[in-house]
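Engineer: Before anything else, here's the structure in question.
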Amino acid sequence: MMKAIRVLKFGSPKVLTLQSVELPKITNSTVLVQIAAAGVNPVDTYIREGAFATLPDLPYTPGKDGSGVVHAVGENVTKVKVGQRVFVCSRRTGQYGTYAEYSLVPEDDVFPLDDKLSFEDGAALGVAYFTAYRALMLKAKCMAGETVLIHGASGAVGLACVQLAKKQGLKVIGTAGTQEGMDLVQDEGADIVVNHKAKGYEQEILEKNGNKGADIIIEMLANINLDKDFDLLGPRGRIAIVGSRGSIKIDPRKMMGRELQVVGVALLNSTHDEWNLISQGVLDGIKDGWVKPVIEKKYSLEECAAAHEDVINKKSSKG
């Protein structure tokens with residue numbers, strides 16, 4: 001038996017319940033990981049609410065990110081071995097998530113955890129860094145020398161974008177909503193940092209960038225920012241939408257004259273080849289030293305509901 005968070009019905013964080021359940025049964029191409037730490041991401045809350053494109057059958061255990069030690073492997077598994085330190089990033093919406101003492105994961109979604117990283121670091125790698133890589137490298141197709149505005153840079157994906165963009169030789173403009181968040185974005189290497197809660201911050205961005213628009217915008221809250229993002233781009237600029245929590249009215253004419261592009265980013269849509277490319281890019285980044293997860297707060301398994309409240313309602317000093 002093991003302890004696990006279970007969701008019996010979709011709804012508020014109150015539906016997250018701690019139960020004792022049977023260990024998942026391993027199959028030919030799966031890995032049973034003894035979880036040491038699990039990551040909490042906004043996508044976990046969308047699935048829990050039932051507000052996501054693909055939903056697991058009920059009941060299920062949430063969690064796409066985690067780290068720990070391989071407990072057992074299926075007979076066809078060759079990528080990892082029993083006793084190995086690993087991290088997990090699941091692109092599937094399945095039954096056996098990481099909010100548990102053990103998680104059953106397809107072999108393709110398990111990766112070696114470098115000894116230089118803690119289990120907490122490992123649990124913060126998957127969704128954040130894989131999404132950043134997909135957004136910047138595959139969707140925005142960034143190039144050295146370009147300027148990227150990361151609109152909401154103090155969160156997990158935003159910070160990963162800052163680190164990756166600097167590694168790729170981009171000029172980075174980052175925004176945050178508090179001084180502590182701005183300081184964090186600055187510490188991670190952003191060239192220009194602006195408070196996106198300040199009145200007239202859009203003009204401040206342009207002025208600090210020499211009155212030039214950015215080449216790329218990584219957008220974390222499109223339902224608030226998308227229309228004004230068009231005013232912050234230069235000719236042939238592109239916007240990669242990582243997050244949105246509603247609808248927004250935009251003026252398409254802003255896109256036409258400068259031939260702007262908008263593309264959505266959904267990590268779970270990755271093809272097999274894209275997944276391999278993304279994961280290898282992050283693994284290389286760990287070896288190169290630019291992947292440096294920032295851990296804001298730790299929770300016990302019993303505090304899972306509070307973690308969901310905090311991650312979606314931004315109960316953070318970093319904005």
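Residue numbers start at 1 in each chain; chains themselves are named A, B, ... in the order of the structure tokens; ligands are numbered from 1 in the order shown.
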List the neighbours of stretch 24-40 of chain A out to 8 Å using only C-alpha atoms; skip same-chain residues closer than 6 positions along the sequence, and give me the result as a VMD selection string.
Structural biologist: chain A and resid 63 to 77 96 98 to 107 110 119 to 120 122 to 124 307 to 308 311
Engineer: Write out as a list in words the residues lying within 8 Å of A:Leu226, counting only C-alpha atoms and excluding same-chain residues fewer than 6 positions away.
Structural biologist: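 The neighbour list is Glu219, Ile248 and Ile250 of chain A.
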Engineer: If you run DSSP on this backbone, which residues of stretch 140-293 of chain A come out as alpha helix (DSSP H), and could you give them as number ranges by chain?
Structural biologist: A: 156-167, 179-187, 201-208, 222-229, 253-256, 272-288
Engineer: Rounded to one decimal place, report the atom CA of A:Lys166-atom CA of A:Glu146 distance in Å.
Structural biologist: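 We find that atom CA of A:Lys166 and atom CA of A:Glu146 lie 10.6 Å from each other.
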Engineer: Among stretch 197-243 of chain A, which ones does DSSP assign to strand (DSSP E) (computed from the backbone)? Answer as a list in words.
Structural biologist: Ala214, Asp215, Ile216, Ile217, Ile218, Glu219, Leu233, Gly234, Pro235, Arg236, Gly237, Arg238, Ile239, Ala240 and Ile241 of chain A
Engineer: Neighbours of A:Gly285 within 12 Å (only C-alpha atoms; same-chain residues fewer than 3 positions away dropped), as a list of chain:residue names?
Structural biologist: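 The neighbour list is A:Asp114, A:Leu125, A:Tyr129, A:Phe130, A:Tyr133, A:Ala160, A:Gln163, A:Leu164, A:Ala165, A:Lys166, A:Lys167, A:Gln168, A:Ile278, A:Ser279, A:Gln280, A:Gly281, A:Val282, A:Asp288, A:Gly289, A:Trp290, A:Val291, A:Lys292, A:Pro293.
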Engineer: Kindly save the residues from that selection, with N, CA, C and O atoms included, as a PDB file, in the first residue's frame.
Structural biologist:
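The file below, selection29.pdb, is the result:
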ATOM      1  N   ASP A 114      20.687  14.397 -12.651  1.00  0.00           N
ATOM      2  CA  ASP A 114      22.101  14.654 -12.390  1.00  0.00           C
ATOM      3  C   ASP A 114      22.350  14.790 -10.894  1.00  0.00           C
ATOM      4  O   ASP A 114      21.535  15.372 -10.158  1.00  0.00           O
ATOM      5  N   LEU A 125      11.802  20.550 -12.748  1.00  0.00           N
ATOM      6  CA  LEU A 125      12.394  20.598 -14.084  1.00  0.00           C
ATOM      7  C   LEU A 125      11.374  20.458 -15.204  1.00  0.00           C
ATOM      8  O   LEU A 125      11.376  21.243 -16.165  1.00  0.00           O
ATOM      9  N   TYR A 129      10.705  23.721 -17.610  1.00  0.00           N
ATOM     10  CA  TYR A 129      11.801  23.814 -18.574  1.00  0.00           C
ATOM     11  C   TYR A 129      11.416  23.230 -19.930  1.00  0.00           C
ATOM     12  O   TYR A 129      11.832  23.746 -20.975  1.00  0.00           O
ATOM     13  N   PHE A 130      10.625  22.175 -19.929  1.00  0.00           N
ATOM     14  CA  PHE A 130      10.185  21.615 -21.205  1.00  0.00           C
ATOM     15  C   PHE A 130       9.287  22.612 -21.944  1.00  0.00           C
ATOM     16  O   PHE A 130       9.379  22.763 -23.162  1.00  0.00           O
ATOM     17  N   TYR A 133      11.434  25.463 -23.335  1.00  0.00           N
ATOM     18  CA  TYR A 133      12.164  25.030 -24.528  1.00  0.00           C
ATOM     19  C   TYR A 133      11.235  24.949 -25.736  1.00  0.00           C
ATOM     20  O   TYR A 133      11.574  25.398 -26.836  1.00  0.00           O
ATOM     21  N   ALA A 160      12.591  29.870 -16.353  1.00  0.00           N
ATOM     22  CA  ALA A 160      13.235  28.929 -17.273  1.00  0.00           C
ATOM     23  C   ALA A 160      13.465  29.588 -18.630  1.00  0.00           C
ATOM     24  O   ALA A 160      14.501  29.379 -19.267  1.00  0.00           O
ATOM     25  N   GLN A 163      16.513  31.919 -18.397  1.00  0.00           N
ATOM     26  CA  GLN A 163      17.766  31.172 -18.416  1.00  0.00           C
ATOM     27  C   GLN A 163      18.082  30.640 -19.807  1.00  0.00           C
ATOM     28  O   GLN A 163      19.221  30.735 -20.283  1.00  0.00           O
ATOM     29  N   LEU A 164      17.070  30.078 -20.476  1.00  0.00           N
ATOM     30  CA  LEU A 164      17.283  29.527 -21.808  1.00  0.00           C
ATOM     31  C   LEU A 164      17.599  30.619 -22.822  1.00  0.00           C
ATOM     32  O   LEU A 164      18.499  30.469 -23.665  1.00  0.00           O
ATOM     33  N   ALA A 165      16.872  31.725 -22.750  1.00  0.00           N
ATOM     34  CA  ALA A 165      17.092  32.818 -23.703  1.00  0.00           C
ATOM     35  C   ALA A 165      18.505  33.388 -23.580  1.00  0.00           C
ATOM     36  O   ALA A 165      19.164  33.680 -24.588  1.00  0.00           O
ATOM     37  N   LYS A 166      18.981  33.548 -22.368  1.00  0.00           N
ATOM     38  CA  LYS A 166      20.344  34.047 -22.185  1.00  0.00           C
ATOM     39  C   LYS A 166      21.367  33.048 -22.748  1.00  0.00           C
ATOM     40  O   LYS A 166      22.352  33.443 -23.365  1.00  0.00           O
ATOM     41  N   LYS A 167      21.110  31.759 -22.528  1.00  0.00           N
ATOM     42  CA  LYS A 167      22.009  30.739 -23.071  1.00  0.00           C
ATOM     43  C   LYS A 167      22.055  30.807 -24.589  1.00  0.00           C
ATOM     44  O   LYS A 167      23.100  30.590 -25.220  1.00  0.00           O
ATOM     45  N   GLN A 168      20.905  31.153 -25.213  1.00  0.00           N
ATOM     46  CA  GLN A 168      20.824  31.195 -26.670  1.00  0.00           C
ATOM     47  C   GLN A 168      21.309  32.522 -27.261  1.00  0.00           C
ATOM     48  O   GLN A 168      21.273  32.705 -28.477  1.00  0.00           O
ATOM     49  N   ILE A 278      13.171  18.140 -27.026  1.00  0.00           N
ATOM     50  CA  ILE A 278      13.003  19.006 -25.855  1.00  0.00           C
ATOM     51  C   ILE A 278      13.741  18.436 -24.652  1.00  0.00           C
ATOM     52  O   ILE A 278      14.506  19.142 -23.978  1.00  0.00           O
ATOM     53  N   SER A 279      13.526  17.158 -24.379  1.00  0.00           N
ATOM     54  CA  SER A 279      14.146  16.560 -23.198  1.00  0.00           C
ATOM     55  C   SER A 279      15.665  16.566 -23.307  1.00  0.00           C
ATOM     56  O   SER A 279      16.365  16.837 -22.319  1.00  0.00           O
ATOM     57  N   GLN A 280      16.198  16.298 -24.509  1.00  0.00           N
ATOM     58  CA  GLN A 280      17.650  16.315 -24.668  1.00  0.00           C
ATOM     59  C   GLN A 280      18.194  17.721 -24.480  1.00  0.00           C
ATOM     60  O   GLN A 280      19.273  17.908 -23.904  1.00  0.00           O
ATOM     61  N   GLY A 281      17.438  18.731 -24.954  1.00  0.00           N
ATOM     62  CA  GLY A 281      17.866  20.109 -24.750  1.00  0.00           C
ATOM     63  C   GLY A 281      17.962  20.479 -23.287  1.00  0.00           C
ATOM     64  O   GLY A 281      18.899  21.171 -22.859  1.00  0.00           O
ATOM     65  N   VAL A 282      17.004  20.015 -22.493  1.00  0.00           N
ATOM     66  CA  VAL A 282      17.030  20.302 -21.054  1.00  0.00           C
ATOM     67  C   VAL A 282      18.134  19.508 -20.366  1.00  0.00           C
ATOM     68  O   VAL A 282      18.854  20.037 -19.501  1.00  0.00           O
ATOM     69  N   ASP A 288      25.376  21.673 -18.912  1.00  0.00           N
ATOM     70  CA  ASP A 288      26.046  22.943 -19.197  1.00  0.00           C
ATOM     71  C   ASP A 288      25.951  23.930 -18.037  1.00  0.00           C
ATOM     72  O   ASP A 288      26.711  24.904 -17.983  1.00  0.00           O
ATOM     73  N   GLY A 289      24.986  23.715 -17.143  1.00  0.00           N
ATOM     74  CA  GLY A 289      24.877  24.541 -15.948  1.00  0.00           C
ATOM     75  C   GLY A 289      23.905  25.700 -16.019  1.00  0.00           C
ATOM     76  O   GLY A 289      23.756  26.439 -15.052  1.00  0.00           O
ATOM     77  N   TRP A 290      23.201  25.875 -17.165  1.00  0.00           N
ATOM     78  CA  TRP A 290      22.275  27.009 -17.227  1.00  0.00           C
ATOM     79  C   TRP A 290      20.905  26.676 -16.648  1.00  0.00           C
ATOM     80  O   TRP A 290      20.125  27.581 -16.335  1.00  0.00           O
ATOM     81  N   VAL A 291      20.599  25.405 -16.495  1.00  0.00           N
ATOM     82  CA  VAL A 291      19.332  24.995 -15.870  1.00  0.00           C
ATOM     83  C   VAL A 291      19.493  25.085 -14.362  1.00  0.00           C
ATOM     84  O   VAL A 291      20.227  24.307 -13.753  1.00  0.00           O
ATOM     85  N   LYS A 292      18.800  26.051 -13.765  1.00  0.00           N
ATOM     86  CA  LYS A 292      18.925  26.292 -12.323  1.00  0.00           C
ATOM     87  C   LYS A 292      17.535  26.542 -11.729  1.00  0.00           C
ATOM     88  O   LYS A 292      17.092  27.693 -11.626  1.00  0.00           O
ATOM     89  N   PRO A 293      16.825  25.483 -11.375  1.00  0.00           N
ATOM     90  CA  PRO A 293      15.459  25.657 -10.851  1.00  0.00           C
ATOM     91  C   PRO A 293      15.436  26.525  -9.598  1.00  0.00           C
ATOM     92  O   PRO A 293      16.349  26.473  -8.763  1.00  0.00           O
TER      93      PRO A 293
END
Engineer: Please tabulate, as JSON lines, the residues of stretch 153-199 of chain A that come within 12 Å of stretch 42-57 of chain A, each with its closest pair of atoms and the distance in Å to one decimal, counting only C-alpha atoms and ordering rows by chain, then residue number upward.
Structural biologist:
{"residue": "A:Gly155", "atom": "CA", "partner": "A:Pro42", "partner_atom": "CA", "distance": 10.7}
{"residue": "A:Ala156", "atom": "CA", "partner": "A:Pro42", "partner_atom": "CA", "distance": 10.3}
{"residue": "A:Val157", "atom": "CA", "partner": "A:Pro42", "partner_atom": "CA", "distance": 10.6}
Engineer: Store the residues picked out above in a file with N, CA and C atoms, as a PDB file, in the first residue's frame.
Structural biologist:
ATOM      1  N   GLY A 155       7.631  33.578 -12.640  1.00  0.00           N
ATOM      2  CA  GLY A 155       7.123  32.241 -12.367  1.00  0.00           C
ATOM      3  C   GLY A 155       8.088  31.183 -12.866  1.00  0.00           C
ATOM      4  N   ALA A 156       7.725  29.912 -12.677  1.00  0.00           N
ATOM      5  CA  ALA A 156       8.631  28.816 -13.017  1.00  0.00           C
ATOM      6  C   ALA A 156       8.956  28.782 -14.509  1.00  0.00           C
ATOM      7  N   VAL A 157       7.941  28.867 -15.368  1.00  0.00           N
ATOM      8  CA  VAL A 157       8.197  28.850 -16.808  1.00  0.00           C
ATOM      9  C   VAL A 157       8.931  30.117 -17.226  1.00  0.00           C
TER      10      VAL A 157
END
Engineer: Find, counting only C-alpha atoms, the residue in A:Thr93, A:Asn209, A:Thr61, A:Gln203 that gets nearest to A:Leu149.
Structural biologist: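 Checking each candidate against A:Leu149, we get A:Asn209 as the closest.
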Engineer: Closest to A:Gly181 among A:Glu296, A:Val127, A:Asn269, A:Lys81, using only C-alpha atoms?
Structural biologist: A:Glu296
Engineer: Which residue gives the smallest distance to A:Asp108 among A:Pro13, A:Thr271, A:Ser20, A:Ser90, with only C-alpha atoms counted?
Structural biologist: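 Closest to A:Asp108, using only C-alpha atoms: A:Ser90.
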Engineer: With a distance cut-off of 12 Å and only C-alpha atoms, select the neighbouring residues of A:Asp231, excluding the residue or stretch itself and same-chain residues fewer than 6 positions from it, and output the selection as a list of chain:residue names.
Structural biologist: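 Those residues are A:Glu202, A:Gln203, A:Ile205, A:Leu206, A:Asn211, A:Lys212, A:Gly213, A:Ala214, A:Asp215, A:Ile217, A:Asn225, A:Gly237, A:Arg238, A:Ile239, A:Ile250, A:Asp251, A:Pro252, A:Arg253, A:Lys254, A:Met255, A:Gly257, A:Arg258, A:Leu260.
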